[in-house]
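*Asks:* Okay, so here is model-v1.cif, and as you'll see once you scroll down, it has mmCIF, C-alpha atoms.
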```cif
data_data
loop_
_atom_site.label_atom_id
_atom_site.label_comp_id
_atom_site.auth_asym_id
_atom_site.auth_seq_id
_atom_site.Cartn_x
_atom_site.Cartn_y
_atom_site.Cartn_z
CA MET A 1 18.49 74.78 -15.21
CA ILE A 2 18.44 71.14 -14.12
CA ILE A 3 15.04 69.70 -13.30
CA LYS A 4 15.08 66.68 -11.07
CA HIS A 5 12.22 64.20 -11.48
CA LYS A 6 10.97 62.34 -8.47
CA VAL A 7 10.04 58.65 -8.77
CA LEU A 8 7.08 57.55 -6.71
CA ILE A 9 7.09 53.92 -5.58
CA VAL A 10 3.69 52.64 -4.57
CA VAL A 11 3.63 49.79 -2.04
CA PRO A 12 0.35 47.86 -2.19
CA SER A 13 -1.65 47.82 0.97
CA ILE A 14 -2.01 44.49 2.73
CA LYS A 15 -5.75 44.98 2.98
CA ASN A 16 -5.94 44.92 -0.83
CA ASP A 17 -3.96 41.68 -1.08
CA VAL A 18 -5.63 38.36 -1.76
CA PRO A 19 -4.97 35.55 0.74
CA PRO A 20 -3.95 32.18 -0.69
CA TYR A 21 -6.65 29.86 -1.95
CA PHE A 22 -6.60 26.50 -3.72
CA LYS A 23 -7.76 26.20 -7.30
CA THR A 24 -8.19 22.44 -6.90
CA GLU A 25 -7.86 19.95 -4.05
CA PRO A 26 -6.04 16.63 -4.46
CA VAL A 27 -7.79 13.27 -4.60
CA ARG A 28 -8.20 11.62 -1.22
CA SER A 29 -6.26 8.51 -2.23
CA GLN A 30 -3.92 7.61 -5.09
CA LEU A 31 -2.17 4.34 -5.90
CA HIS A 32 1.20 4.21 -7.67
CA LEU A 33 3.59 1.45 -8.65
CA GLU A 34 6.89 1.01 -6.86
CA LEU A 35 9.84 2.57 -8.79
CA ASN A 36 7.51 4.95 -10.65
CA ARG A 37 7.93 8.74 -10.57
CA LEU A 38 5.55 10.75 -8.39
CA VAL A 39 4.80 14.47 -8.70
CA LEU A 40 2.51 16.17 -6.18
CA THR A 41 1.27 19.68 -6.92
CA CYS A 42 -0.10 22.45 -4.74
CA MET A 43 -2.40 24.38 -7.09
CA ALA A 44 -2.94 27.65 -5.25
CA GLU A 45 -3.40 31.32 -6.13
CA GLY A 46 -3.34 34.59 -4.25
CA SER A 47 -1.20 37.68 -4.00
CA TRP A 48 2.41 37.16 -4.92
CA PRO A 49 4.73 35.90 -3.57
CA LEU A 50 3.29 32.52 -2.66
CA GLU A 51 5.48 30.10 -0.71
CA PHE A 52 4.94 26.36 -0.32
CA LYS A 53 5.97 23.72 2.19
CA TRP A 54 5.32 19.96 2.04
CA ILE A 55 4.65 17.60 4.95
CA ARG A 56 4.07 13.83 5.21
CA ASN A 57 2.38 12.17 8.17
CA GLY A 58 2.79 15.43 10.08
CA THR A 59 6.56 15.66 9.46
CA GLU A 60 8.08 18.45 7.36
CA LEU A 61 9.62 17.35 4.08
CA THR A 62 10.65 20.81 2.82
CA ARG A 63 10.98 24.38 4.00
CA PHE A 64 8.93 27.21 2.57
CA SER A 65 9.99 28.04 -0.98
CA LEU A 66 8.53 29.15 -4.31
CA GLU A 67 8.40 25.54 -5.52
CA TYR A 68 4.79 24.37 -5.66
CA ARG A 69 5.65 20.78 -6.64
CA TYR A 70 7.05 17.86 -4.67
CA LEU A 71 8.90 15.25 -6.69
CA ILE A 72 9.87 11.66 -5.83
CA PRO A 73 11.94 10.31 -8.76
CA SER A 74 11.57 6.63 -7.81
CA LEU A 75 8.89 5.45 -5.38
CA ASP A 76 9.43 2.72 -2.85
CA ARG A 77 7.10 1.36 -0.18
CA SER A 78 8.55 3.66 2.48
CA HIS A 79 7.11 6.67 0.62
CA ALA A 80 3.52 5.63 1.36
CA GLY A 81 1.70 8.05 3.66
CA LEU A 82 -0.48 11.14 4.02
CA TYR A 83 0.82 14.17 2.09
CA ARG A 84 -0.30 17.78 2.13
CA CYS A 85 1.13 21.20 1.43
CA ILE A 86 0.96 24.55 3.22
CA VAL A 87 0.80 27.69 1.11
CA ARG A 88 1.34 31.18 2.49
CA ASN A 89 1.79 34.81 1.54
CA ARG A 90 2.02 37.94 3.64
CA VAL A 91 -1.73 37.85 4.26
CA GLY A 92 -2.00 34.38 5.67
CA ALA A 93 -1.48 30.63 5.25
CA LEU A 94 -3.67 27.74 4.13
CA LEU A 95 -3.41 23.98 4.66
CA GLN A 96 -4.22 21.67 1.78
CA ARG A 97 -6.47 18.61 2.13
CA ARG A 98 -4.50 15.42 2.72
CA THR A 99 -3.95 12.89 -0.04
CA GLU A 100 -2.99 9.32 0.80
CA VAL A 101 -0.22 7.97 -1.41
CA GLN A 102 -0.30 4.17 -1.64
CA VAL A 103 2.53 2.21 -3.23
CA ALA A 104 1.82 -1.12 -4.92
CA PHE A 105 4.57 -3.69 -4.33
CA MET A 106 5.20 -7.35 -3.75
CA GLY A 107 8.01 -8.79 -1.67
CA SER A 108 9.18 -12.38 -1.38
CA PHE A 109 7.69 -15.25 0.56
CA GLU A 110 9.02 -15.62 4.09
CA GLU A 111 10.59 -18.87 5.20
CA GLY A 112 8.08 -20.95 7.11
CA GLU A 113 7.12 -24.49 7.96
CA ARG A 114 8.32 -26.86 5.24
CA ALA A 115 6.72 -30.11 6.44
CA GLN A 116 3.59 -31.15 8.31
CA SER A 117 2.25 -34.52 9.42
CA VAL A 118 -1.24 -35.67 10.43
CA SER A 119 -2.82 -39.02 11.18
CA GLN A 120 -5.25 -40.42 8.68
CA GLY A 121 -8.77 -39.24 9.53
CA GLU A 122 -7.59 -36.11 11.33
CA GLY A 123 -8.00 -32.61 9.99
CA ALA A 124 -5.04 -30.76 8.47
CA VAL A 125 -4.66 -26.98 8.80
CA VAL A 126 -1.97 -25.55 6.53
CA PRO A 127 -1.39 -21.77 6.87
CA ALA A 128 -0.47 -19.95 3.68
CA PRO A 129 3.21 -18.90 3.53
CA ARG A 130 3.49 -15.21 4.41
CA ILE A 131 4.35 -12.57 1.84
CA ARG A 132 4.45 -8.76 2.14
CA SER A 133 2.36 -7.12 -0.55
CA PHE A 134 0.15 -4.11 -1.19
CA PRO A 135 -2.59 -4.54 -1.97
CA GLN A 136 -3.07 -8.03 -0.55
CA PRO A 137 -2.48 -10.56 -3.34
CA GLN A 138 -4.89 -13.09 -4.75
CA VAL A 139 -3.76 -16.49 -3.44
CA THR A 140 -4.31 -19.88 -5.10
CA TRP A 141 -3.40 -23.23 -3.54
CA PHE A 142 -1.80 -26.08 -5.51
CA ARG A 143 -0.92 -29.67 -4.70
CA ASP A 144 1.68 -31.44 -6.81
CA GLY A 145 1.19 -28.88 -9.58
CA ARG A 146 -2.61 -28.98 -9.66
CA LYS A 147 -4.96 -26.28 -8.45
CA ILE A 148 -6.97 -27.25 -5.38
CA PRO A 149 -10.68 -26.55 -5.82
CA PRO A 150 -12.74 -26.06 -2.64
CA SER A 151 -15.10 -28.94 -1.85
CA SER A 152 -17.20 -30.33 0.99
CA ARG A 153 -13.97 -31.67 2.51
CA ILE A 154 -11.46 -28.97 1.55
CA ALA A 155 -11.88 -25.27 2.39
CA ILE A 156 -9.80 -22.09 2.24
CA THR A 157 -10.33 -19.45 4.93
CA LEU A 158 -10.37 -15.70 4.41
CA ASP A 159 -6.73 -15.53 5.52
CA ASN A 160 -5.90 -18.21 2.89
CA THR A 161 -5.37 -21.07 5.34
CA LEU A 162 -5.95 -24.46 3.71
CA VAL A 163 -8.22 -26.77 5.73
CA ILE A 164 -8.58 -30.48 4.90
CA LEU A 165 -11.25 -32.34 6.86
CA SER A 166 -10.72 -36.03 7.67
CA THR A 167 -7.49 -36.56 5.73
CA VAL A 168 -7.00 -39.64 3.56
CA ALA A 169 -3.93 -41.11 1.91
CA PRO A 170 -4.26 -39.18 -1.38
CA ASP A 171 -4.05 -35.89 0.58
CA ALA A 172 -0.33 -36.47 1.12
CA GLY A 173 1.83 -34.39 -1.21
CA ARG A 174 3.63 -31.12 -1.84
CA TYR A 175 1.47 -28.03 -1.31
CA TYR A 176 2.33 -24.48 -2.35
CA VAL A 177 0.59 -21.19 -3.12
CA GLN A 178 0.80 -18.75 -5.97
CA ALA A 179 0.27 -15.08 -5.08
CA VAL A 180 -0.72 -12.48 -7.67
CA ASN A 181 -0.71 -8.70 -7.12
CA ASP A 182 -3.33 -7.44 -9.56
CA LYS A 183 -2.11 -3.83 -9.35
CA ASN A 184 1.48 -4.27 -10.51
CA GLY A 185 1.08 -7.64 -12.25
CA GLU A 186 3.68 -9.45 -10.15
CA ASN A 187 3.25 -13.07 -9.17
CA LYS A 188 5.29 -15.23 -6.81
CA THR A 189 5.28 -18.95 -5.98
CA SER A 190 6.03 -20.15 -2.47
CA GLN A 191 8.32 -22.95 -1.40
CA PRO A 192 6.44 -26.25 -1.07
CA ILE A 193 5.03 -27.58 2.19
CA THR A 194 5.14 -31.38 2.36
CA LEU A 195 2.08 -32.92 3.99
CA SER A 196 2.44 -36.48 5.28
CA VAL A 197 -0.55 -38.62 6.23
CA ASP A 198 0.33 -41.35 8.74
CA ASN A 199 -1.25 -44.83 8.79
CA VAL A 200 -1.37 -44.86 5.02
CA GLY A 201 -2.55 -48.20 3.75
CA GLY A 202 -4.67 -49.15 6.75
CA PRO A 203 -8.11 -48.15 7.95
CA ALA A 204 -8.26 -44.98 9.96
CA ASP A 205 -8.89 -45.37 13.66
CA PRO A 206 -12.11 -43.79 14.89
CA ILE A 207 -11.48 -40.17 15.88
CA ALA A 208 -13.74 -38.09 18.11
CA PRO A 209 -15.14 -34.88 16.57
CA THR A 210 -12.94 -31.84 17.05
CA ILE A 211 -13.16 -28.16 16.10
CA ILE A 212 -10.55 -27.48 13.42
CA ILE A 213 -11.33 -23.80 12.78
CA PRO A 214 -12.85 -22.00 15.79
CA PRO A 215 -15.69 -19.48 15.43
CA GLY A 216 -14.61 -16.07 14.22
CA ILE A 217 -12.54 -17.25 11.27
CA PRO A 218 -15.01 -17.64 8.38
CA VAL A 219 -14.16 -19.98 5.54
#
```
Here is a file; write its structure as structure tokens.

*Replies:*
Amino acid sequence: MIIKHKVLIVVPSIKNDVPPYFKTEPVRSQLHLELNRLVLTCMAEGSWPLEFKWIRNGTELTRFSLEYRYLIPSLDRSHAGLYRCIVRNRVGALLQRRTEVQVAFMGSFEEGERAQSVSQGEGAVVPAPRIRSFPQPQVTWFRDGRKIPPSSRIAITLDNTLVILSTVAPDAGRYYVQAVNDKNGENKTSQPITLSVDNVGGPADPIAPTIIIPPGIPV
């Protein structure tokens, strides 16, 4: 006599399944250096199988898969943005809190004005050469190799514009800025801007008062 055994396969009920939930949420903001490796994780639990999808700034980066990590081998500034993952199982789906990925970098100074001329006694306004950087760099002004300290006659605005009130002959020279990104340690030096002061050697003609920096741009 042959006895046949029956195998019973039990399929779990959906009502007994656990919907996805996050064990931890990501930090709201994180700063990384350009060219570094970035790994984002979606730490979630719930009934198996869990599937994950990654999005940045509302655009899908991946399709749903079993991979809970998102890897960028070498960061560049274009990778900055708002990242989040979606996790799902057959019970439901859950959207992770966004994390802002910031990328520290420093570009090169843009070509700008290389020479400027003012009459003796007039004010000189010298904008800082532009440079792309994140975060914004610390900027220091130099003239002929020496750091320019602010004084009652020389000021530097919040946007790093150099302002010289009532120029005199010794103000003529080669001006440049040094920019330092304190997050990645880079520093760059701009091309010089040559300032000429006319009527050097003679007394300055009387000049009526003028507004050099209008209200709304604190110094």

*Asks:* Excluding A:Ser190 and residues on its chain fewer than 2 positions from it, collect all residues at most 10 Å away from it, counting all atoms listed in the file, and give them as a VMD selection string.

*Replies:* chain A and resid 108 to 112 128 to 131 141 175 to 179 188 192 to 193

*Asks:* Go through A:His79, A:Arg146, A:Arg69, A:Arg174 one by one, measure the shortest atom-to-atom distance of each to A:Val103 using all atoms listed in the file, and give the residue with the smallest value.

*Replies:*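 Closest residue, counting all atoms listed in the file: A:His79.
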
*Asks:* Specify as a PyMOL selection string each residue included when the PyMOL selection byres ((chain A and resi 21-25) around 8) is applied to this file.

*Replies:* chain A and resi 19-20+26-27+42-46+94+96-97

*Asks:* So which residues touch A:Ile164 within 12 Å, counting all atoms listed in the file, skipping near sequence neighbours fewer than 6 positions away, as a PDB file with C-alpha atoms, in the frame of the given file?

*Replies:*
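Okay, this is what ended up in part_36.pdb:
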```pdb
ATOM      1  CA  VAL A 118      -1.240 -35.670  10.430  1.00  0.00           C
ATOM      2  CA  GLN A 120      -5.250 -40.420   8.680  1.00  0.00           C
ATOM      3  CA  GLY A 121      -8.770 -39.240   9.530  1.00  0.00           C
ATOM      4  CA  GLU A 122      -7.590 -36.110  11.330  1.00  0.00           C
ATOM      5  CA  GLY A 123      -8.000 -32.610   9.990  1.00  0.00           C
ATOM      6  CA  ALA A 124      -5.040 -30.760   8.470  1.00  0.00           C
ATOM      7  CA  VAL A 125      -4.660 -26.980   8.800  1.00  0.00           C
ATOM      8  CA  VAL A 126      -1.970 -25.550   6.530  1.00  0.00           C
ATOM      9  CA  PRO A 127      -1.390 -21.770   6.870  1.00  0.00           C
ATOM     10  CA  ILE A 148      -6.970 -27.250  -5.380  1.00  0.00           C
ATOM     11  CA  PRO A 149     -10.680 -26.550  -5.820  1.00  0.00           C
ATOM     12  CA  PRO A 150     -12.740 -26.060  -2.640  1.00  0.00           C
ATOM     13  CA  SER A 151     -15.100 -28.940  -1.850  1.00  0.00           C
ATOM     14  CA  SER A 152     -17.200 -30.330   0.990  1.00  0.00           C
ATOM     15  CA  ARG A 153     -13.970 -31.670   2.510  1.00  0.00           C
ATOM     16  CA  ILE A 154     -11.460 -28.970   1.550  1.00  0.00           C
ATOM     17  CA  ALA A 155     -11.880 -25.270   2.390  1.00  0.00           C
ATOM     18  CA  ILE A 156      -9.800 -22.090   2.240  1.00  0.00           C
ATOM     19  CA  THR A 157     -10.330 -19.450   4.930  1.00  0.00           C
ATOM     20  CA  PRO A 170      -4.260 -39.180  -1.380  1.00  0.00           C
ATOM     21  CA  ASP A 171      -4.050 -35.890   0.580  1.00  0.00           C
ATOM     22  CA  ALA A 172      -0.330 -36.470   1.120  1.00  0.00           C
ATOM     23  CA  LEU A 195       2.080 -32.920   3.990  1.00  0.00           C
ATOM     24  CA  VAL A 197      -0.550 -38.620   6.230  1.00  0.00           C
ATOM     25  CA  ILE A 212     -10.550 -27.480  13.420  1.00  0.00           C
ATOM     26  CA  ILE A 213     -11.330 -23.800  12.780  1.00  0.00           C
ATOM     27  CA  VAL A 219     -14.160 -19.980   5.540  1.00  0.00           C
TER      28      VAL A 219
END
```

*Asks:* Apply the PyMOL selection byres ((chain A and resi 55) around 9) to the file shown and report the selected residues as an MDAnalysis selection string.

*Replies:* chainID A and resid 53:54 56:62 82:86

*Asks:* Identify all residues satisfying the PyMOL selection byres ((chain A and resi 115) around 8) in the given file; provide them as a compact mmCIF listing (two decimals) with C-alpha atoms, in the frame of the given file.

*Replies:*
```
# COMPACT_ATOMS: atom_id res chain seq x y z
CA GLU A 113 7.12 -24.49 7.96
CA ARG A 114 8.32 -26.86 5.24
CA GLN A 116 3.59 -31.15 8.31
CA SER A 117 2.25 -34.52 9.42
CA ILE A 193 5.03 -27.58 2.19
CA THR A 194 5.14 -31.38 2.36
CA LEU A 195 2.08 -32.92 3.99
CA SER A 196 2.44 -36.48 5.28
```

*Asks:* As JSON, please report the centre and edge lengths, rounded to one decimal in Å, of the axis-aligned box that holds all listed atoms of stretch 185-199 of chain A with 5 Å of padding on each of the six sides.

*Replies:*
```
{"center_x": 3.5, "center_y": -26.2, "center_z": -1.7, "size_x": 19.6, "size_y": 47.2, "size_z": 31.0}
```

*Asks:* Can you work out which one of A:Gly81, A:Gly185, A:Pro49, A:Gly173 has the shortest atom-to-atom distance to A:Ser65, counting only C-alpha atoms?

*Replies:*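 The shortest atom-to-atom distance to A:Ser65 comes from A:Pro49.
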
*Asks:* Please compute the atom CA of A:Asn89-atom CA of A:Phe64 distance, one decimal, in Å.

*Replies:*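 Interatomic distance, atom CA of A:Asn89 to atom CA of A:Phe64: 10.5 Å.
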
*Asks:* Counting only C-alpha atoms, which of A:Ser74, A:Thr189, A:Asn16, A:Ser133 gets nearest to A:Val39?

*Replies:* A:Ser74

*Asks:* Using all atoms listed in the file for the distances, tell me which of A:Ala93, A:Ala80, A:Val18, A:Leu38 is nearest to A:Phe52.

*Replies:* A:Ala93

*Asks:* At a cut-off of 12 Å from (-9.0, -7.4, -11.4) in the coordinates of the file, what residues are picked up using all atoms listed in the file, written as a list in words?

*Replies:*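 Here the neighbourhood of the point contains Pro135, Pro137, Gln138, Val180, Asn181, Asp182, Lys183, Asn184 and Gly185 of chain A.
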
*Asks:* Just how far from atom CA of A:Thr99 is atom CA of A:Gln136, in Å to one decimal?

*Replies:* 20.9 Å

*Asks:* Complete the atom set of stretch 156-175 of chain A to N, CA, C and O atoms and return it as a PDB file, keeping the file's coordinate frame.

*Replies:*
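Saved to out13.pdb:
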```pdb
ATOM      1  N   ILE A 156     -10.846 -23.104   2.111  1.00  0.00           N
ATOM      2  CA  ILE A 156      -9.800 -22.090   2.240  1.00  0.00           C
ATOM      3  C   ILE A 156     -10.396 -20.907   2.985  1.00  0.00           C
ATOM      4  O   ILE A 156     -11.416 -20.353   2.558  1.00  0.00           O
ATOM      5  N   THR A 157      -9.799 -20.532   4.108  1.00  0.00           N
ATOM      6  CA  THR A 157     -10.330 -19.450   4.930  1.00  0.00           C
ATOM      7  C   THR A 157     -10.029 -18.098   4.304  1.00  0.00           C
ATOM      8  O   THR A 157      -9.298 -17.987   3.322  1.00  0.00           O
ATOM      9  N   LEU A 158     -10.589 -17.042   4.917  1.00  0.00           N
ATOM     10  CA  LEU A 158     -10.370 -15.700   4.410  1.00  0.00           C
ATOM     11  C   LEU A 158      -8.906 -15.265   4.503  1.00  0.00           C
ATOM     12  O   LEU A 158      -8.472 -14.378   3.767  1.00  0.00           O
ATOM     13  N   ASP A 159      -8.151 -15.852   5.440  1.00  0.00           N
ATOM     14  CA  ASP A 159      -6.730 -15.530   5.520  1.00  0.00           C
ATOM     15  C   ASP A 159      -5.883 -16.545   4.740  1.00  0.00           C
ATOM     16  O   ASP A 159      -4.677 -16.664   4.944  1.00  0.00           O
ATOM     17  N   ASN A 160      -6.561 -17.296   3.838  1.00  0.00           N
ATOM     18  CA  ASN A 160      -5.900 -18.210   2.890  1.00  0.00           C
ATOM     19  C   ASN A 160      -5.298 -19.453   3.537  1.00  0.00           C
ATOM     20  O   ASN A 160      -4.407 -20.086   2.957  1.00  0.00           O
ATOM     21  N   THR A 161      -5.786 -19.806   4.732  1.00  0.00           N
ATOM     22  CA  THR A 161      -5.370 -21.070   5.340  1.00  0.00           C
ATOM     23  C   THR A 161      -6.108 -22.219   4.666  1.00  0.00           C
ATOM     24  O   THR A 161      -7.323 -22.157   4.446  1.00  0.00           O
ATOM     25  N   LEU A 162      -5.360 -23.268   4.337  1.00  0.00           N
ATOM     26  CA  LEU A 162      -5.950 -24.460   3.710  1.00  0.00           C
ATOM     27  C   LEU A 162      -6.393 -25.421   4.810  1.00  0.00           C
ATOM     28  O   LEU A 162      -5.615 -25.742   5.708  1.00  0.00           O
ATOM     29  N   VAL A 163      -7.648 -25.864   4.738  1.00  0.00           N
ATOM     30  CA  VAL A 163      -8.220 -26.770   5.730  1.00  0.00           C
ATOM     31  C   VAL A 163      -8.696 -28.030   5.023  1.00  0.00           C
ATOM     32  O   VAL A 163      -9.510 -27.963   4.100  1.00  0.00           O
ATOM     33  N   ILE A 164      -8.165 -29.188   5.458  1.00  0.00           N
ATOM     34  CA  ILE A 164      -8.580 -30.480   4.900  1.00  0.00           C
ATOM     35  C   ILE A 164      -9.249 -31.259   6.026  1.00  0.00           C
ATOM     36  O   ILE A 164      -8.630 -31.560   7.052  1.00  0.00           O
ATOM     37  N   LEU A 165     -10.512 -31.592   5.846  1.00  0.00           N
ATOM     38  CA  LEU A 165     -11.250 -32.340   6.860  1.00  0.00           C
ATOM     39  C   LEU A 165     -11.050 -33.829   6.642  1.00  0.00           C
ATOM     40  O   LEU A 165     -11.110 -34.324   5.513  1.00  0.00           O
ATOM     41  N   SER A 166     -10.821 -34.570   7.722  1.00  0.00           N
ATOM     42  CA  SER A 166     -10.720 -36.030   7.670  1.00  0.00           C
ATOM     43  C   SER A 166      -9.772 -36.470   6.555  1.00  0.00           C
ATOM     44  O   SER A 166     -10.200 -36.984   5.522  1.00  0.00           O
ATOM     45  N   THR A 167      -8.477 -36.256   6.768  1.00  0.00           N
ATOM     46  CA  THR A 167      -7.490 -36.560   5.730  1.00  0.00           C
ATOM     47  C   THR A 167      -7.471 -38.037   5.369  1.00  0.00           C
ATOM     48  O   THR A 167      -7.735 -38.918   6.185  1.00  0.00           O
ATOM     49  N   VAL A 168      -7.155 -38.281   4.098  1.00  0.00           N
ATOM     50  CA  VAL A 168      -7.000 -39.640   3.560  1.00  0.00           C
ATOM     51  C   VAL A 168      -5.652 -39.712   2.871  1.00  0.00           C
ATOM     52  O   VAL A 168      -4.974 -38.694   2.657  1.00  0.00           O
ATOM     53  N   ALA A 169      -5.257 -40.898   2.494  1.00  0.00           N
ATOM     54  CA  ALA A 169      -3.930 -41.110   1.910  1.00  0.00           C
ATOM     55  C   ALA A 169      -3.634 -40.198   0.722  1.00  0.00           C
ATOM     56  O   ALA A 169      -2.536 -39.645   0.616  1.00  0.00           O
ATOM     57  N   PRO A 170      -4.568 -40.028  -0.216  1.00  0.00           N
ATOM     58  CA  PRO A 170      -4.260 -39.180  -1.380  1.00  0.00           C
ATOM     59  C   PRO A 170      -4.005 -37.704  -1.044  1.00  0.00           C
ATOM     60  O   PRO A 170      -3.550 -36.949  -1.907  1.00  0.00           O
ATOM     61  N   ASP A 171      -4.303 -37.287   0.199  1.00  0.00           N
ATOM     62  CA  ASP A 171      -4.050 -35.890   0.580  1.00  0.00           C
ATOM     63  C   ASP A 171      -2.559 -35.624   0.780  1.00  0.00           C
ATOM     64  O   ASP A 171      -2.138 -34.461   0.820  1.00  0.00           O
ATOM     65  N   ALA A 172      -1.761 -36.666   0.949  1.00  0.00           N
ATOM     66  CA  ALA A 172      -0.330 -36.470   1.120  1.00  0.00           C
ATOM     67  C   ALA A 172       0.251 -35.886  -0.161  1.00  0.00           C
ATOM     68  O   ALA A 172      -0.163 -36.228  -1.276  1.00  0.00           O
ATOM     69  N   GLY A 173       1.207 -34.973  -0.028  1.00  0.00           N
ATOM     70  CA  GLY A 173       1.830 -34.390  -1.210  1.00  0.00           C
ATOM     71  C   GLY A 173       2.528 -33.085  -0.891  1.00  0.00           C
ATOM     72  O   GLY A 173       2.693 -32.708   0.273  1.00  0.00           O
ATOM     73  N   ARG A 174       2.922 -32.408  -1.948  1.00  0.00           N
ATOM     74  CA  ARG A 174       3.630 -31.120  -1.840  1.00  0.00           C
ATOM     75  C   ARG A 174       2.657 -29.988  -2.156  1.00  0.00           C
ATOM     76  O   ARG A 174       2.142 -29.908  -3.279  1.00  0.00           O
ATOM     77  N   TYR A 175       2.426 -29.135  -1.176  1.00  0.00           N
ATOM     78  CA  TYR A 175       1.470 -28.030  -1.310  1.00  0.00           C
ATOM     79  C   TYR A 175       2.249 -26.703  -1.420  1.00  0.00           C
ATOM     80  O   TYR A 175       3.260 -26.506  -0.745  1.00  0.00           O
TER      81      TYR A 175
END
```
